[in-house]
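Colleague: I am sharing upload25.tsv, which consists of TSV, C-alpha atoms:
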chain	number	residue	atom	x	y	z
A	1	MET	CA	104.24	18.17	58.42
A	2	LYS	CA	105.38	21.63	59.52
A	3	LYS	CA	107.67	23.36	57.05
A	4	ILE	CA	111.11	24.57	58.08
A	5	GLN	CA	110.97	28.33	58.63
A	6	ILE	CA	113.67	30.67	57.34
A	7	LEU	CA	113.98	34.38	58.05
A	8	ILE	CA	115.76	36.61	55.50
A	9	ILE	CA	116.95	40.01	56.73
A	10	GLU	CA	118.17	41.99	53.71
A	11	ASP	CA	117.67	45.66	52.73
A	12	ASN	CA	118.18	44.99	49.00
A	13	LYS	CA	114.71	44.12	47.71
A	14	ASP	CA	115.91	42.23	44.61
A	15	ILE	CA	118.27	39.98	46.59
A	16	ARG	CA	115.70	39.44	49.33
A	17	GLU	CA	112.90	38.45	46.97
A	18	SER	CA	115.05	36.28	44.67
A	19	THR	CA	116.46	34.42	47.69
A	20	SER	CA	112.98	33.98	49.09
A	21	GLU	CA	111.73	32.62	45.78
A	22	ILE	CA	114.49	29.98	45.64
A	23	LEU	CA	113.78	28.88	49.21
A	24	GLU	CA	110.03	28.69	48.68
A	25	LEU	CA	110.59	26.50	45.60
A	26	ALA	CA	112.65	24.23	47.89
A	27	ASN	CA	109.56	23.95	50.14
A	28	TYR	CA	110.76	26.21	52.96
A	29	GLU	CA	108.47	28.72	54.66
A	30	VAL	CA	110.09	32.15	54.33
A	31	TYR	CA	109.71	35.41	56.24
A	32	GLN	CA	111.24	38.63	54.90
A	33	ALA	CA	112.57	41.68	56.73
A	34	SER	CA	113.92	44.78	54.99
A	35	ASN	CA	116.00	46.01	57.95
A	36	GLY	CA	117.57	44.80	61.19
A	37	LYS	CA	114.88	46.09	63.55
A	38	GLN	CA	112.11	44.45	61.57
A	39	GLY	CA	114.19	41.27	61.43
A	40	ILE	CA	114.49	41.11	65.22
A	41	ASP	CA	110.72	41.54	65.59
A	42	LEU	CA	110.04	38.69	63.16
A	43	ALA	CA	112.66	36.45	64.77
A	44	ILE	CA	111.05	36.91	68.20
A	45	LYS	CA	107.56	36.41	66.80
A	46	TYR	CA	108.17	33.26	64.72
A	47	ILE	CA	111.40	31.73	66.18
A	48	PRO	CA	112.58	30.53	62.74
A	49	ASP	CA	114.77	27.47	62.18
A	50	ILE	CA	117.47	29.51	60.37
A	51	ILE	CA	118.24	33.20	59.89
A	52	LEU	CA	119.94	34.66	56.80
A	53	CYS	CA	121.13	38.19	57.52
A	54	ASP	CA	122.91	40.90	55.53
A	55	ILE	CA	125.72	42.71	57.37
A	56	MET	CA	125.57	46.24	55.96
A	57	MET	CA	122.08	47.62	56.62
A	58	PRO	CA	120.69	50.99	57.74
A	59	GLU	CA	119.38	51.54	61.29
A	60	LEU	CA	120.75	48.25	62.66
A	61	ASP	CA	123.48	46.21	60.92
A	62	GLY	CA	123.85	42.43	60.91
A	63	TYR	CA	126.28	42.41	63.83
A	64	GLY	CA	123.72	44.29	65.92
A	65	VAL	CA	121.01	41.80	64.95
A	66	LEU	CA	123.19	38.83	65.93
A	67	HIS	CA	124.22	40.49	69.20
A	68	LEU	CA	120.65	41.25	70.28
A	69	LEU	CA	119.24	37.86	69.30
A	70	SER	CA	122.08	36.03	71.06
A	71	LYS	CA	121.08	37.74	74.32
A	72	ARG	CA	117.59	36.22	74.24
A	73	GLU	CA	117.10	32.67	75.47
A	74	ASP	CA	114.45	31.90	72.84
A	75	THR	CA	116.52	33.08	69.85
A	76	ALA	CA	120.14	32.50	70.95
A	77	LEU	CA	120.38	29.00	69.46
A	78	ILE	CA	118.92	29.76	66.01
A	79	PRO	CA	121.54	28.97	63.29
A	80	PHE	CA	122.68	32.34	61.89
A	81	ILE	CA	124.16	32.78	58.40
A	82	PHE	CA	125.61	36.13	57.32
A	83	ILE	CA	125.21	37.22	53.70
A	84	THR	CA	127.79	39.78	52.66
A	85	ALA	CA	129.05	41.54	49.55
A	86	LYS	CA	132.69	40.94	50.49
A	87	ALA	CA	134.47	38.04	52.14
A	88	ASP	CA	136.91	40.07	54.24
A	89	ARG	CA	138.86	37.80	56.62
A	90	ILE	CA	138.62	40.21	59.55
A	91	GLU	CA	134.89	40.62	58.97
A	92	ILE	CA	134.35	36.87	58.85
A	93	ARG	CA	136.40	36.35	62.03
A	94	LYS	CA	134.38	39.03	63.83
A	95	GLY	CA	131.11	37.36	62.87
A	96	ILE	CA	132.26	33.87	63.86
A	97	GLU	CA	133.51	35.11	67.24
A	98	MET	CA	130.12	36.74	67.82
A	99	GLY	CA	128.39	33.41	67.15
A	100	ALA	CA	127.59	33.32	63.42
A	101	ASP	CA	127.43	29.81	61.97
A	102	ASP	CA	128.30	30.47	58.33
A	103	TYR	CA	128.85	33.06	55.58
A	104	LEU	CA	127.43	33.45	52.07
A	105	THR	CA	129.19	35.88	49.75
A	106	LYS	CA	127.11	37.82	47.22
A	107	PRO	CA	126.40	36.98	44.51
A	108	TYR	CA	125.63	33.38	45.52
A	109	ASP	CA	123.80	30.84	43.38
A	110	ASP	CA	120.91	28.61	44.37
A	111	ILE	CA	123.17	25.59	45.02
A	112	GLU	CA	125.41	27.53	47.42
A	113	LEU	CA	122.35	28.85	49.24
A	114	LEU	CA	120.61	25.49	49.60
A	115	ASN	CA	123.83	23.68	50.57
A	116	ALA	CA	124.55	26.20	53.34
A	117	ILE	CA	121.05	25.80	54.75
A	118	GLU	CA	120.99	22.00	54.50
A	119	SER	CA	124.42	21.83	56.15
A	120	ARG	CA	123.19	23.89	59.12
A	121	LEU	CA	120.02	21.80	59.46
A	122	LYS	CA	121.97	18.51	59.40
A	123	LYS	CA	124.42	19.82	61.99
A	124	ARG	CA	121.58	20.92	64.26
A	125	GLU	CA	119.95	17.47	63.99
A	126	ARG	CA	123.25	15.73	64.81
A	127	GLN	CA	123.65	17.99	67.84
A	128	ARG	CA	120.15	17.20	69.06
A	129	ASN	CA	120.81	13.46	68.77
A	130	MET	CA	124.15	13.85	70.55
A	131	TYR	CA	122.58	15.90	73.36
A	132	SER	CA	119.92	13.26	73.86
A	133	SER	CA	122.55	10.51	74.10
A	134	ASN	CA	124.76	12.48	76.48
A	135	LEU	CA	121.85	13.40	78.72
A	136	THR	CA	121.02	9.71	79.04
A	137	GLN	CA	124.61	9.03	80.10
A	138	ILE	CA	124.50	11.86	82.63
A	139	THR	CA	121.25	10.53	84.07
A	140	ASN	CA	123.04	7.25	84.79
A	141	LEU	CA	125.47	9.13	87.04
A	142	PHE	CA	122.73	9.81	89.57
A	143	GLN	CA	121.59	6.34	90.61
A	144	ALA	CA	123.36	5.83	93.92
A	145	SER	CA	120.95	7.29	96.48
A	146	HIS	CA	118.00	9.53	97.21
A	147	GLY	CA	120.10	12.67	97.47
A	148	LEU	CA	121.67	12.12	94.07
A	149	GLU	CA	118.22	11.38	92.68
A	150	GLU	CA	117.19	14.84	93.86
A	151	LEU	CA	120.29	16.29	92.20
A	152	GLN	CA	119.33	14.47	89.00
A	153	LYS	CA	115.83	15.93	89.25
A	154	ALA	CA	117.29	19.42	89.62
A	155	PHE	CA	119.25	18.97	86.40
A	156	ASN	CA	116.27	17.38	84.63
A	157	GLU	CA	114.40	20.63	85.21
A	158	ARG	CA	117.29	22.68	83.85
A	159	LYS	CA	117.44	24.55	80.58
A	160	ILE	CA	120.03	23.29	78.14
A	161	LYS	CA	122.03	25.94	76.32
A	162	SER	CA	124.57	25.77	73.51
A	163	TYR	CA	127.64	27.98	73.34
A	164	LYS	CA	129.86	28.65	70.36
A	165	LYS	CA	133.65	28.65	70.30
A	166	LYS	CA	135.20	31.60	72.20
A	167	GLN	CA	131.90	32.59	73.86
A	168	VAL	CA	132.34	33.61	77.49
A	169	ILE	CA	130.02	31.88	79.96
A	170	TYR	CA	130.97	34.10	82.90
A	171	TYR	CA	133.74	36.53	83.75
A	172	GLU	CA	135.97	36.65	86.81
A	173	GLY	CA	134.17	38.91	89.29
A	174	ASP	CA	130.63	38.10	88.08
A	175	ALA	CA	128.13	37.01	90.73
A	176	ALA	CA	128.58	33.27	91.34
A	177	SER	CA	124.98	32.14	90.96
A	178	THR	CA	125.16	28.83	89.05
A	179	VAL	CA	126.83	25.42	88.89
A	180	TYR	CA	127.39	24.15	85.34
A	181	LEU	CA	127.40	20.58	84.06
A	182	MET	CA	129.04	19.87	80.70
A	183	ILE	CA	127.01	17.80	78.23
A	184	SER	CA	129.32	18.13	75.24
A	185	GLY	CA	132.27	20.17	73.98
A	186	SER	CA	134.93	21.76	76.16
A	187	VAL	CA	135.37	24.85	78.34
A	188	LYS	CA	138.46	26.49	79.79
A	189	THR	CA	138.74	28.56	82.96
A	190	THR	CA	141.36	31.31	83.24
A	191	LYS	CA	142.66	33.99	85.60
A	192	MET	CA	144.49	37.19	84.74
A	193	THR	CA	147.87	37.81	86.34
A	194	GLU	CA	148.84	41.24	87.69
A	195	ASP	CA	150.82	41.98	84.52
A	196	GLY	CA	147.79	41.21	82.33
A	197	LYS	CA	148.72	37.69	81.20
A	198	GLU	CA	146.12	34.93	80.98
A	199	PHE	CA	146.73	31.78	83.03
A	200	MET	CA	144.56	28.72	82.35
A	201	THR	CA	143.33	27.05	85.52
A	202	GLY	CA	141.26	24.21	84.09
A	203	VAL	CA	139.78	22.41	81.07
A	204	TYR	CA	136.37	20.72	81.33
A	205	GLY	CA	134.73	18.14	79.07
A	206	ALA	CA	131.55	16.04	78.96
A	207	GLU	CA	130.15	15.10	82.41
A	208	ASP	CA	132.41	17.59	84.23
A	209	TYR	CA	131.09	20.21	86.64
A	210	PHE	CA	132.57	23.70	86.87
A	211	GLY	CA	131.84	26.88	88.81
A	212	ILE	CA	131.67	24.86	92.03
A	213	THR	CA	134.72	26.32	93.76
A	214	SER	CA	133.53	29.87	93.24
A	215	LEU	CA	130.03	28.98	94.36
A	216	PHE	CA	131.19	27.77	97.77
A	217	ALA	CA	134.14	30.14	98.20
A	218	GLY	CA	132.23	33.41	97.98
A	219	LYS	CA	129.79	35.51	96.05
A	220	GLU	CA	131.90	36.01	92.90
A	221	TYR	CA	133.40	33.71	90.29
A	222	LYS	CA	137.15	33.46	90.84
A	223	GLU	CA	137.93	32.87	87.16
A	224	THR	CA	136.62	33.40	83.64
A	225	ALA	CA	134.97	30.50	81.80
A	226	GLU	CA	135.26	30.47	77.99
A	227	VAL	CA	134.28	27.89	75.37
A	228	LEU	CA	137.17	26.03	73.70
A	229	GLU	CA	135.01	23.92	71.37
A	230	GLU	CA	131.27	24.24	70.74
A	231	ALA	CA	129.70	23.28	74.05
A	232	THR	CA	126.33	22.34	75.46
A	233	LEU	CA	125.74	23.00	79.15
A	234	CYS	CA	123.03	22.72	81.71
A	235	SER	CA	122.98	24.67	84.94
A	236	VAL	CA	121.40	24.67	88.38
A	237	PRO	CA	121.02	27.84	90.50
A	238	ARG	CA	123.08	28.33	93.64
A	239	GLU	CA	120.07	28.17	95.98
A	240	VAL	CA	119.05	24.72	94.69
A	241	ILE	CA	122.59	23.35	95.09
A	242	ASP	CA	122.79	24.85	98.61
A	243	GLN	CA	119.57	23.09	99.65
A	244	LEU	CA	120.71	19.74	98.27
A	245	PHE	CA	124.21	20.16	99.71
A	246	TYR	CA	123.00	20.70	103.27
A	247	LYS	CA	120.07	18.28	103.12
A	248	TYR	CA	121.74	15.21	101.59
A	249	PRO	CA	125.18	13.97	102.74
A	250	ASP	CA	125.76	12.04	99.51
A	251	VAL	CA	125.36	15.21	97.41
A	252	ALA	CA	127.77	17.02	99.75
A	253	GLU	CA	130.23	14.13	99.42
A	254	LYS	CA	130.05	14.27	95.61
A	255	PHE	CA	130.87	17.97	95.48
A	256	ILE	CA	133.56	17.69	98.14
A	257	LYS	CA	135.29	15.06	95.99
A	258	ILE	CA	135.09	17.38	92.99
A	259	LEU	CA	136.52	20.28	95.01
A	260	ALA	CA	139.30	18.08	96.38
A	261	GLY	CA	140.13	16.94	92.87
A	262	ASN	CA	140.34	20.56	91.71
A	263	VAL	CA	142.69	21.43	94.59
A	264	ILE	CA	144.98	18.48	93.79
A	265	SER	CA	144.99	19.40	90.09
A	266	HIS	CA	145.92	23.02	90.86
A	267	GLU	CA	148.69	21.93	93.24
A	268	GLU	CA	150.14	19.67	90.55
A	269	GLN	CA	149.95	22.53	88.06
A	270	LEU	CA	151.85	24.85	90.40
A	271	LEU	CA	154.53	22.20	90.99
A	272	GLN	CA	154.95	21.76	87.25
A	273	LEU	CA	155.39	25.51	86.79
A	274	ALA	CA	157.95	25.62	89.58
A	275	TYR	CA	160.06	22.55	88.83
A	276	PHE	CA	159.29	21.05	85.41
A	277	SER	CA	161.23	21.90	82.28
A	278	VAL	CA	159.23	23.43	79.44
A	279	ARG	CA	159.25	20.10	77.57
A	280	LYS	CA	157.89	18.27	80.60
A	281	ARG	CA	155.20	20.90	81.12
A	282	MET	CA	154.10	20.71	77.49
A	283	ALA	CA	154.03	16.91	77.60
A	284	GLU	CA	151.87	17.08	80.73
A	285	VAL	CA	149.46	19.55	79.11
A	286	LEU	CA	149.13	17.49	75.91
A	287	LEU	CA	148.48	14.30	77.88
A	288	LYS	CA	145.87	16.06	79.98
A	289	LEU	CA	144.10	17.32	76.86
A	290	HIS	CA	144.41	13.87	75.28
A	291	GLY	CA	142.58	12.47	78.30
A	292	LYS	CA	139.84	15.09	78.03
A	293	TYR	CA	139.28	14.31	74.35
A	294	ARG	CA	139.67	10.55	74.68
A	295	ASP	CA	136.65	9.90	72.45
A	296	THR	CA	138.27	11.61	69.44
A	297	GLU	CA	141.47	10.93	67.51
A	298	ASN	CA	142.65	14.53	67.79
A	299	PHE	CA	141.75	17.86	69.37
A	300	GLU	CA	141.93	21.51	68.39
A	301	ILE	CA	143.57	24.11	70.60
A	302	SER	CA	145.35	27.37	69.83
A	303	ARG	CA	148.97	28.16	70.71
A	304	GLU	CA	147.65	30.95	72.94
A	305	ASN	CA	145.58	28.49	74.97
A	306	LEU	CA	148.46	26.03	75.23
A	307	ALA	CA	150.72	28.84	76.42
A	308	SER	CA	148.14	29.90	79.00
A	309	MET	CA	147.69	26.35	80.23
A	310	ALA	CA	151.41	25.56	80.44
A	311	GLY	CA	152.49	28.96	81.77
A	312	MET	CA	154.99	29.74	79.02
A	313	ALA	CA	155.47	32.12	76.10
A	314	ILE	CA	153.70	31.49	72.78
A	315	GLU	CA	157.06	31.38	70.99
A	316	THR	CA	158.20	28.62	73.36
A	317	VAL	CA	155.02	26.65	72.67
A	318	SER	CA	155.63	26.88	68.91
A	319	ARG	CA	159.21	25.68	69.30
A	320	ILE	CA	158.30	22.71	71.50
A	321	LEU	CA	155.41	21.65	69.26
A	322	SER	CA	157.75	21.74	66.27
A	323	ASP	CA	160.27	19.62	68.18
A	324	PHE	CA	157.57	17.13	69.22
A	325	LYS	CA	156.38	16.88	65.63
A	326	GLU	CA	159.91	16.23	64.34
A	327	GLU	CA	160.30	13.55	67.03
A	328	ASN	CA	157.03	11.92	65.86
A	329	LEU	CA	155.43	12.43	69.27
A	330	ILE	CA	152.56	14.42	67.78
A	331	ASP	CA	151.12	15.51	64.46
A	332	ARG	CA	149.84	19.07	64.06
A	333	ASN	CA	147.77	20.37	61.18
A	334	ALA	CA	145.86	23.69	61.12
A	335	GLY	CA	145.64	23.85	64.90
A	336	ARG	CA	144.53	20.23	65.37
A	337	ILE	CA	146.86	18.01	67.39
A	338	THR	CA	147.06	14.23	67.19
A	339	ILE	CA	149.02	12.36	69.86
A	340	LEU	CA	151.15	9.76	68.05
A	341	ASP	CA	153.13	8.26	70.95
A	342	VAL	CA	151.48	8.44	74.36
A	343	SER	CA	154.09	6.28	76.09
A	344	ARG	CA	157.02	8.50	75.04
A	345	LEU	CA	155.16	11.61	76.17
A	346	GLN	CA	154.57	9.85	79.51
A	347	LYS	CA	158.33	9.25	79.81
A	348	LEU	CA	159.00	12.93	79.10
A	349	LYS	CA	156.58	13.90	81.85
A	350	ASN	CA	158.04	11.55	84.46
Show the structure stored in the file as structure tokens.

Modeller:
Amino acid sequence: MKKIQILIIEDNKDIRESTSEILELANYEVYQASNGKQGIDLAIKYIPDIILCDIMMPELDGYGVLHLLSKREDTALIPFIFITAKADRIEIRKGIEMGADDYLTKPYDDIELLNAIESRLKKRERQRNMYSSNLTQITNLFQASHGLEELQKAFNERKIKSYKKKQVIYYEGDAASTVYLMISGSVKTTKMTEDGKEFMTGVYGAEDYFGITSLFAGKEYKETAEVLEEATLCSVPREVIDQLFYKYPDVAEKFIKILAGNVISHEEQLLQLAYFSVRKRMAEVLLKLHGKYRDTENFEISRENLASMAGMAIETVSRILSDFKEENLIDRNAGRITILDVSRLQKLKN
């Protein structure tokens, strides 16, 4: 049985070799790099299962290593753990936003090290099982006719890619070259107003398509797509969709229904902004998110994203959420929201 491969990128020889020794005793195959450039070469050569990387290194620091590896399709999905001499909150936030999976603070003991690695490996295995299950469900969507079978085939030949929270999939103004299909997680789309404020135009979950409107409306994406919760996507190039769209009426009908649904959703959103009170708008947003995350008891979303979605100030969002919590409509803990009374929120909306 092939051993799990781990790459250590660390300029301190003592730390690098002692860490390697612990991992080898745990029956892992270990590669060592003494600087960032050498680490990138080894990562590309061996495609390890996990990378442990120091932050402060000469020539190329850990952030540079993570940035360069995340740009490559063959190394972008490798679990990445930073090892650092200080657990500065800003530093940790920067690494997580760039795509790091975890942090180890020096000096760490063998139990901390092995637990961090085993946790990453278990999470990766759960994700693989989940992706397999979701892909089977998606395949069942394409059983109606020959045209949809061809669409299924196009997605079967796709490359599946994972995105971490806050990663941008495409920016407003980028060339619209791809249609995306959600397998898991969630993605938001946003537009910037003239005064620089972000306005959320949509939230997408498993089995949703996005990027379609931009694809058929012109050559550029009309919005920015960013990951709300860790997401797995597959994509099909514009030219393939164009061929299927014009060749098979049932494929065209499917996408027309999606486009029509998007138009109706945007019209309802504009009406809410124009006529609904802030409480009604927040109730509508929470119910919409509750529907998107119907397979979970609660969902995580920041005040900034709620404000963007509802078209109101962050301070107003905080006040309304506090009111809703006092009224036992919702529960909110560390950014996670649980809907406690759907029927009363529905009455607020109506």

Colleague: So, counting only C-alpha atoms, which residue among A:Gln167, A:Ser177, A:Ser162, A:Ser34 is closest to Thr232 in chain A?

Modeller: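 When distances to Thr232 in chain A are compared using only C-alpha atoms, the smallest one comes from A:Ser162.
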
Colleague: Have a look at A:Ser322, A:Thr316, A:Thr201, A:Asn298 and name the one nearest to Ile337 in chain A; count only C-alpha atoms.

Modeller: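 Using only C-alpha atoms, Ile337 in chain A sits closest to A:Asn298.
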
Colleague: Taking into account all atoms listed in the file, which residue in the set A:Phe299, A:Asn12, A:Glu59, A:Leu104 is nearest to Gly36 in chain A?

Modeller: A:Glu59

Colleague: Using only C-alpha atoms for the distances, tell me which of A:Leu23, A:Ala283, A:Leu113, A:Ala334 is nearest to Arg303 in chain A.

Modeller: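 Among the listed residues, A:Ala334 lies closest to Arg303 in chain A.
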
Colleague: By how many Å are CA of Ile160 in chain A and CA of Gly205 in chain A apart?

Modeller: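 Value for the CA of Ile160 in chain A-CA of Gly205 in chain A distance: 15.6 Å.
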
Colleague: Rounded to one decimal, what separation in Å do you get between CA of Tyr221 in chain A and CA of Ala176 in chain A?

Modeller: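 Taking CA of Tyr221 in chain A and CA of Ala176 in chain A, their separation equals 5.0 Å.
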
Colleague: Tyr163 in chain A: which residues within 12 Å, counting only C-alpha atoms, same-chain residues fewer than 2 positions away excluded, as a ChimeraX atom specification?

Modeller: /A:70-71,73,76-79,97-101,160-161,165-170,182-187,225-234

Colleague: Which one is closest to Ile22 in chain A: A:Leu181, A:Asp41, A:Ile8, A:Val278? Count all atoms listed in the file.

Modeller: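 Of the candidates, the smallest distance to Ile22 in chain A is held by A:Ile8.
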
Colleague: Within 8 Å of Glu284 in chain A, counting only C-alpha atoms, which residues show up once you throw out same-chain ones fewer than 3 positions away? Write them as a list in words, please.

Modeller: Lys280, Arg281, Leu287, Lys288, Leu345, Gln346 and Lys349 of chain A

Colleague: What's the separation between CA of Leu66 in chain A and CA of Phe80 in chain A, in Å to one decimal place?

Modeller: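 Interatomic distance, CA of Leu66 in chain A to CA of Phe80 in chain A: 7.7 Å.
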
Colleague: Hey, which of A:Glu112, A:Asp174, A:Glu118, A:Glu10 ends up closest to Val65 in chain A? Count only C-alpha atoms.

Modeller: A:Glu10

Colleague: Which neighbours of Thr19 in chain A fall inside 10 Å, counting only C-alpha atoms, when residues of the same chain fewer than 5 positions from it are skipped, and could you give them as a ChimeraX atom specification?

Modeller: /A:8,10,13-14,24,30,32,52,108-110,113

Colleague: Now that the selection is made, can you save its residues with C-alpha atoms as a compact mmCIF listing (two decimals), in the coordinates of the input?

Modeller:
# COMPACT_ATOMS: atom_id res chain seq x y z
CA ILE A 8 115.76 36.61 55.50
CA GLU A 10 118.17 41.99 53.71
CA LYS A 13 114.71 44.12 47.71
CA ASP A 14 115.91 42.23 44.61
CA GLU A 24 110.03 28.69 48.68
CA VAL A 30 110.09 32.15 54.33
CA GLN A 32 111.24 38.63 54.90
CA LEU A 52 119.94 34.66 56.80
CA TYR A 108 125.63 33.38 45.52
CA ASP A 109 123.80 30.84 43.38
CA ASP A 110 120.91 28.61 44.37
CA LEU A 113 122.35 28.85 49.24

Colleague: Which polymer residues have any atom within 9 Å of an atom of Ala33 in chain A, counting all atoms listed in the file, with same-chain residues fewer than 2 positions away left out, as a ChimeraX atom specification?

Modeller: /A:7-11,16,31,35-40,42

Colleague: Distance cut-off 6 Å, centre (144.2, 22.2, 68.4) in file coordinates, counting all atoms listed in the file: which residues qualify? Return them as a PyMOL selection string.

Modeller: chain A and resi 299-302+335-337
